[in-house]
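Novice: Here you go, query11.txt (compact mmCIF, C-alpha atoms):
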```txt
# COMPACT_ATOMS: atom_id res chain seq x y z
CA MET Y 761 82.43 108.38 112.44
CA GLU Y 762 86.12 108.79 113.17
CA GLU Y 763 86.51 105.00 112.74
CA PHE Y 764 86.14 105.52 108.99
CA PHE Y 765 89.39 107.49 108.98
CA THR Y 766 91.51 104.92 110.82
CA ALA Y 767 94.21 102.81 109.22
CA HIS Y 768 92.50 99.59 110.43
CA PHE Y 769 89.35 100.43 108.49
CA TRP Y 770 91.07 101.14 105.18
CA VAL Y 771 93.44 98.18 105.52
CA ALA Y 772 90.36 95.96 105.93
CA VAL Y 773 88.74 97.59 102.86
CA GLY Y 774 91.86 96.87 100.83
CA GLN Y 775 91.91 93.26 102.03
CA ILE Y 776 88.26 92.74 101.07
CA ILE Y 777 88.79 94.17 97.59
CA MET Y 778 91.88 92.00 97.01
CA ILE Y 779 90.05 88.90 98.30
CA ASP Y 780 87.17 89.56 95.90
CA ILE Y 781 89.52 89.96 92.96
CA LEU Y 782 91.54 86.85 93.77
CA LEU Y 783 88.69 84.55 94.80
CA GLY Y 784 86.08 86.05 92.47
CA GLY Y 785 87.82 85.30 89.20
CA ASP Y 786 85.38 82.50 88.41
CA ASN Y 787 82.39 84.79 88.85
CA ALA Y 788 83.02 86.53 85.53
CA VAL Y 789 83.25 83.14 83.82
CA VAL Y 790 79.97 81.98 85.39
CA ILE Y 791 78.19 85.20 84.40
CA ALA Y 792 79.42 84.90 80.81
CA LEU Y 793 78.39 81.25 80.53
CA ALA Y 794 74.97 81.78 82.12
CA CYS Y 795 74.15 84.75 79.86
CA ARG Y 796 75.77 83.54 76.64
CA GLN Y 797 72.46 82.38 75.05
CA LEU Y 798 70.53 85.53 75.84
CA PRO Y 799 69.67 87.89 72.98
CA PRO Y 800 72.31 90.65 72.70
CA HIS Y 801 69.94 93.34 73.99
CA GLN Y 802 69.27 91.33 77.19
CA ARG Y 803 72.83 90.32 78.06
CA THR Y 804 73.63 93.53 79.93
CA LYS Y 805 70.40 93.17 81.95
CA GLY Y 806 71.23 89.56 82.74
CA ILE Y 807 74.73 90.47 83.91
CA LEU Y 808 73.53 93.40 86.03
CA TRP Y 809 70.56 91.65 87.66
CA GLY Y 810 72.46 88.41 88.21
CA THR Y 811 75.39 90.24 89.77
CA ALA Y 812 73.10 92.39 91.95
CA GLY Y 813 71.24 89.33 93.24
CA ALA Y 814 74.49 87.48 93.92
CA ILE Y 815 75.93 90.45 95.83
CA VAL Y 816 72.79 90.88 97.99
CA LEU Y 817 72.83 87.17 98.81
CA ARG Y 818 76.53 87.35 99.68
CA VAL Y 819 76.01 90.33 102.02
CA ILE Y 820 73.31 88.33 103.86
CA LEU Y 821 75.62 85.31 104.17
CA ILE Y 822 78.48 87.47 105.44
CA ALA Y 823 76.18 89.16 107.98
CA PHE Y 824 75.41 85.71 109.40
CA ALA Y 825 79.11 84.79 109.30
CA LEU Y 826 80.08 87.94 111.23
CA THR Y 827 77.59 86.98 113.94
CA LEU Y 828 78.67 83.34 114.07
CA LEU Y 829 82.34 84.31 114.35
CA GLN Y 830 81.58 85.61 117.85
CA VAL Y 831 80.89 82.03 118.98
CA PRO Y 832 83.90 80.38 120.68
CA PHE Y 833 86.03 78.10 118.45
CA LEU Y 834 84.28 79.14 115.21
CA LYS Y 835 87.00 81.65 114.39
CA LEU Y 836 89.54 78.85 114.85
CA VAL Y 837 87.58 76.71 112.39
CA GLY Y 838 87.31 79.66 110.00
CA ALA Y 839 91.05 80.31 110.33
CA ALA Y 840 91.80 76.68 109.42
CA LEU Y 841 89.53 76.95 106.37
CA LEU Y 842 91.21 80.19 105.34
CA LEU Y 843 94.63 78.57 105.55
CA TRP Y 844 93.41 75.79 103.28
CA ILE Y 845 91.85 78.28 100.83
CA GLY Y 846 95.14 80.20 100.76
CA VAL Y 847 97.10 77.04 100.00
CA LYS Y 848 94.63 76.07 97.25
CA LEU Y 849 95.08 79.52 95.73
CA LEU Y 850 98.81 78.82 95.40
CA VAL Y 851 98.16 75.33 93.99
CA PRO Y 852 95.31 75.95 91.52
CA GLU Y 853 93.24 73.02 90.36
CA GLU Y 854 91.51 72.62 87.05
CA GLU Y 855 87.92 73.70 87.52
CA GLY Y 856 85.37 72.83 84.87
CA HIS Y 857 82.47 75.13 84.11
CA SER Y 858 80.74 72.81 81.66
CA ASN Y 859 77.92 72.27 84.17
CA ILE Y 860 76.92 75.95 83.97
CA GLN Y 861 73.91 75.94 81.69
CA GLY Y 862 73.17 78.97 79.57
CA SER Y 863 69.59 80.09 79.00
CA ASP Y 864 67.82 82.21 76.41
CA LYS Y 865 65.39 83.47 79.10
CA LEU Y 866 66.50 86.52 81.10
CA TRP Y 867 65.31 85.47 84.57
CA ALA Y 868 66.46 81.88 84.10
CA ALA Y 869 69.95 83.21 83.34
CA VAL Y 870 69.78 85.53 86.37
CA LYS Y 871 68.76 82.59 88.58
CA THR Y 872 71.67 80.54 87.22
CA VAL Y 873 74.14 83.32 88.06
CA ILE Y 874 72.79 83.67 91.62
CA VAL Y 875 72.70 79.93 92.37
CA ALA Y 876 76.16 79.32 90.91
CA ASP Y 877 77.59 82.27 92.84
CA LEU Y 878 76.04 80.95 96.06
CA VAL Y 879 77.71 77.58 95.59
CA MET Y 880 81.07 79.18 94.76
CA SER Y 881 81.03 81.94 97.39
CA ILE Y 882 81.74 80.00 100.60
CA ASP Y 883 85.45 80.81 100.45
CA ASN Y 884 84.72 84.48 99.76
CA VAL Y 885 82.28 84.70 102.67
CA ILE Y 886 84.75 83.23 105.17
CA ALA Y 887 87.66 85.35 103.93
CA ILE Y 888 85.69 88.62 103.82
CA ALA Y 889 84.17 88.03 107.26
CA GLY Y 890 87.65 87.36 108.61
CA ALA Y 891 89.03 90.55 107.05
CA ALA Y 892 86.12 92.60 108.41
CA THR Y 893 86.82 91.50 111.99
CA GLY Y 894 89.89 93.73 111.89
CA ALA Y 895 87.66 96.81 111.94
CA ALA Y 896 85.52 98.16 114.78
CA SER Y 897 82.53 95.89 115.41
CA GLN Y 898 79.92 98.57 114.68
CA HIS Y 899 81.37 99.12 111.20
CA GLN Y 900 81.93 95.52 110.09
CA LEU Y 901 78.83 95.10 107.93
CA PRO Y 902 79.05 98.58 106.32
CA LEU Y 903 82.70 97.77 105.66
CA VAL Y 904 81.74 94.51 103.94
CA ILE Y 905 79.11 96.22 101.80
CA PHE Y 906 81.51 99.03 100.84
CA GLY Y 907 84.27 96.57 99.94
CA LEU Y 908 81.92 94.47 97.81
CA LEU Y 909 80.51 97.52 96.00
CA VAL Y 910 83.98 98.80 95.19
CA SER Y 911 85.08 95.39 93.93
CA ILE Y 912 82.07 94.80 91.62
CA PRO Y 913 83.28 96.97 88.72
CA ILE Y 914 86.79 95.61 89.19
CA ILE Y 915 85.60 92.00 88.93
CA ILE Y 916 83.17 92.53 86.05
CA GLY Y 917 84.89 95.24 84.03
CA GLY Y 918 88.49 94.39 84.76
CA SER Y 919 88.40 90.63 85.23
CA GLN Y 920 90.27 89.89 82.01
CA MET Y 921 92.94 92.48 82.83
CA VAL Y 922 93.32 91.07 86.33
CA LEU Y 923 93.62 87.52 84.98
CA LYS Y 924 96.28 88.63 82.51
CA LEU Y 925 98.20 90.38 85.29
CA MET Y 926 98.06 87.20 87.38
CA ASP Y 927 99.38 85.18 84.46
CA ARG Y 928 102.19 87.67 83.88
CA PHE Y 929 103.00 88.26 87.55
CA PRO Y 930 102.37 85.04 89.53
CA ALA Y 931 103.61 86.85 92.64
CA ILE Y 932 100.17 88.51 92.85
CA ILE Y 933 98.58 85.12 93.53
CA THR Y 934 101.28 84.26 96.08
CA ILE Y 935 100.73 87.55 97.89
CA GLY Y 936 96.98 86.92 97.86
CA GLY Y 937 97.40 83.46 99.37
CA MET Y 938 99.69 84.83 102.06
CA LEU Y 939 97.13 87.58 102.77
CA LEU Y 940 94.54 84.88 103.50
CA GLY Y 941 97.05 83.19 105.81
CA TRP Y 942 97.63 86.52 107.59
CA ILE Y 943 93.88 87.01 108.07
CA ALA Y 944 93.60 83.43 109.37
CA GLY Y 945 96.29 84.03 111.99
CA THR Y 946 94.82 87.31 113.21
CA MET Y 947 91.30 85.84 113.24
CA ALA Y 948 92.42 82.84 115.33
CA HIS Y 949 94.08 85.23 117.80
CA SER Y 950 90.76 87.00 118.44
CA ASP Y 951 88.67 83.85 118.95
CA PRO Y 952 86.74 84.10 122.26
CA ALA Y 953 88.00 80.62 123.21
CA VAL Y 954 91.66 81.71 123.30
CA ARG Y 955 91.40 85.27 124.59
CA ASP Y 956 91.98 84.20 128.19
CA TRP Y 957 95.25 82.36 127.56
CA LEU Y 958 96.75 84.22 124.60
CA PRO Y 959 97.97 87.79 125.24
CA GLN Y 960 95.67 90.15 123.34
CA THR Y 961 98.44 92.46 122.17
CA THR Y 962 99.31 93.89 118.77
CA THR Y 963 102.59 91.97 118.82
CA TRP Y 964 100.83 88.64 119.25
CA ASN Y 965 98.19 89.58 116.67
CA TYR Y 966 100.77 90.48 114.03
CA GLY Y 967 102.96 87.54 115.05
CA LEU Y 968 100.19 84.99 114.46
CA GLY Y 969 99.29 86.76 111.22
CA LEU Y 970 102.89 86.35 110.07
CA VAL Y 971 102.85 82.68 111.09
CA GLY Y 972 99.68 82.16 109.03
CA ALA Y 973 101.12 83.94 105.98
CA LEU Y 974 104.38 81.97 106.10
CA SER Y 975 102.50 78.70 106.64
CA VAL Y 976 100.44 79.24 103.49
CA PHE Y 977 103.56 80.16 101.52
CA LEU Y 978 105.60 77.15 102.68
CA VAL Y 979 102.84 74.54 102.37
CA GLY Y 980 101.65 75.98 99.06
CA THR Y 981 105.19 76.01 97.65
CA VAL Y 982 105.79 72.37 98.66
CA LEU Y 983 102.47 71.16 97.23
CA LYS Y 984 102.97 73.16 94.03
CA LYS Y 985 106.37 71.55 93.47
CA ARG Y 986 104.90 68.09 94.10
CA ALA Y 987 102.08 68.79 91.63
CA GLN Y 988 104.48 69.77 88.85
CA PRO Y 989 105.25 66.90 86.46
CA ALA Y 990 108.82 65.65 86.59
CA SER Y 991 110.91 66.98 83.69
```
Starting from the file, give its structure as structure tokens.
Specialist:
Amino acid sequence: MEEFFTAHFWVAVGQIIMIDILLGGDNAVVIALACRQLPPHQRTKGILWGTAGAIVLRVILIAFALTLLQVPFLKLVGAALLLWIGVKLLVPEEEGHSNIQGSDKLWAAVKTVIVADLVMSIDNVIAIAGAATGAASQHQLPLVIFGLLVSIPIIIGGSQMVLKLMDRFPAIITIGGMLLGWIAGTMAHSDPAVRDWLPQTTTWNYGLGLVGALSVFLVGTVLKKRAQPAS
């Protein structure tokens, strides 16, 4: 029980909430599009049931990811994917949502929300599983569930405010991308395949986290400049 009062636990909770806000921005768009043709009195039900189903499915996926991350080399692969996700966060691409079909039937709309969230949640699953590995092993799944539950009202109720803050303060996105790089570095450090030849010390853990954060920042900055049209 004392693990719940450690700094590592609450740092991981904060990371999970920030990851959900940064990588879950599209979820609000998908929910709105999927439920837009429902009668007004059913829209709230569609949003709530669709979100609940998507969250349950995500918890199951993350539970599998937490188990798989104990296999040698998979954390290294996950770290590489996280680095790429972090870079993509700094260099956003245009993402169309025209393929999200609305429905005037409640359960059809709920199914659309769940399926679309499943397709879009791979990056969230990897990032959240990586963040959770920073906590004690017996509390990783409860930590994931707690972080997701806390982030739900933030994503649904405050998504527009968060998006406006990101537009006004682009540094939030940069910090989020660097956070993913940090998690990638610390996750790679704890991979079973490298434990025998990399010192398992806090200094090395934080050092590789810093390397990951700076790598995302530098690569993302270079690619962002290249993507900008010449004036």
Novice: Between atom CA of Val885 of chain Y and atom CA of Ala953 of chain Y, what is the spacing in Å?
Specialist: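 According to the coordinates, atom CA of Ala953 of chain Y and atom CA of Val885 of chain Y are separated by 21.7 Å.
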Novice: To one decimal place, how far is atom CA of Phe824 of chain Y from atom CA of Gln900 of chain Y in Å?
Specialist: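 These atoms are spaced 11.8 Å apart.
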Novice: Please identify all polymer residues within 12 Å of Leu828 of chain Y, counting only C-alpha atoms, omitting same-chain residues fewer than 6 positions from it, and present them as a list in words.
Specialist: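 Close residues of Leu828 of chain Y: Leu821, Ile822, Leu834, Lys835, Leu836, Val837, Gly838, Ile886, Ala889, Gly890, Thr893, Asp951 and Pro952 of chain Y.
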Novice: What is the atom CA of Thr872 of chain Y-atom CA of Ile807 of chain Y distance in Å, reported with one decimal?
Specialist: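 About the pair atom CA of Thr872 of chain Y and atom CA of Ile807 of chain Y: they are 10.9 Å apart.
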Novice: Taking all atoms listed in the file into account, name the residue in Y:Ala812, Y:Ile905, Y:Val771, Y:Leu850 that is nearest to Val982 of chain Y.
Specialist: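 Nearest candidate to Val982 of chain Y out of Y:Ala812, Y:Ile905, Y:Val771, Y:Leu850: Y:Leu850.
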Novice: Calculated over all atoms listed in the file, which of the candidates Y:Thr963, Y:Gln988, Y:Asn884, Y:Gln802 has the smallest distance to Ile815 of chain Y?
Specialist: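 Result for the nearest residue to Ile815 of chain Y: Y:Asn884.
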Novice: Of the candidates Y:Ile874, Y:Ile845, Y:Ala869, Y:Leu826, which one gets nearest to Val904 of chain Y if we count all atoms listed in the file?
Specialist: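 Nearest to Val904 of chain Y: Y:Leu826.
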Novice: For Thr804 of chain Y, which residue out of Y:Ala892, Y:Val870, Y:Ile781, Y:Leu968 is the nearest one, using all atoms listed in the file?
Specialist: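 Smallest separation from Thr804 of chain Y among the options: Y:Val870.
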Novice: Just checking: using all atoms listed in the file, which residue out of Y:Leu798, Y:Ala767, Y:Leu901, Y:Val851 ends up closest to Ile820 of chain Y?
Specialist: Y:Leu901
Novice: Excluding Gly941 of chain Y and its own-chain neighbours fewer than 5 positions away, which residues fall within 10 Å of it when counting only C-alpha atoms? Please give them as an MDAnalysis selection string.
Specialist: chainID Y and resid 839:847 887 935:936 946:947 968:977
Novice: Out of Y:Trp942, Y:Phe906, Y:Phe769, Y:Phe833, which residue has the shortest atom-to-atom distance to Gly967 of chain Y when counting only C-alpha atoms?
Specialist: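 Selected residue with least distance to Gly967 of chain Y: Y:Trp942.
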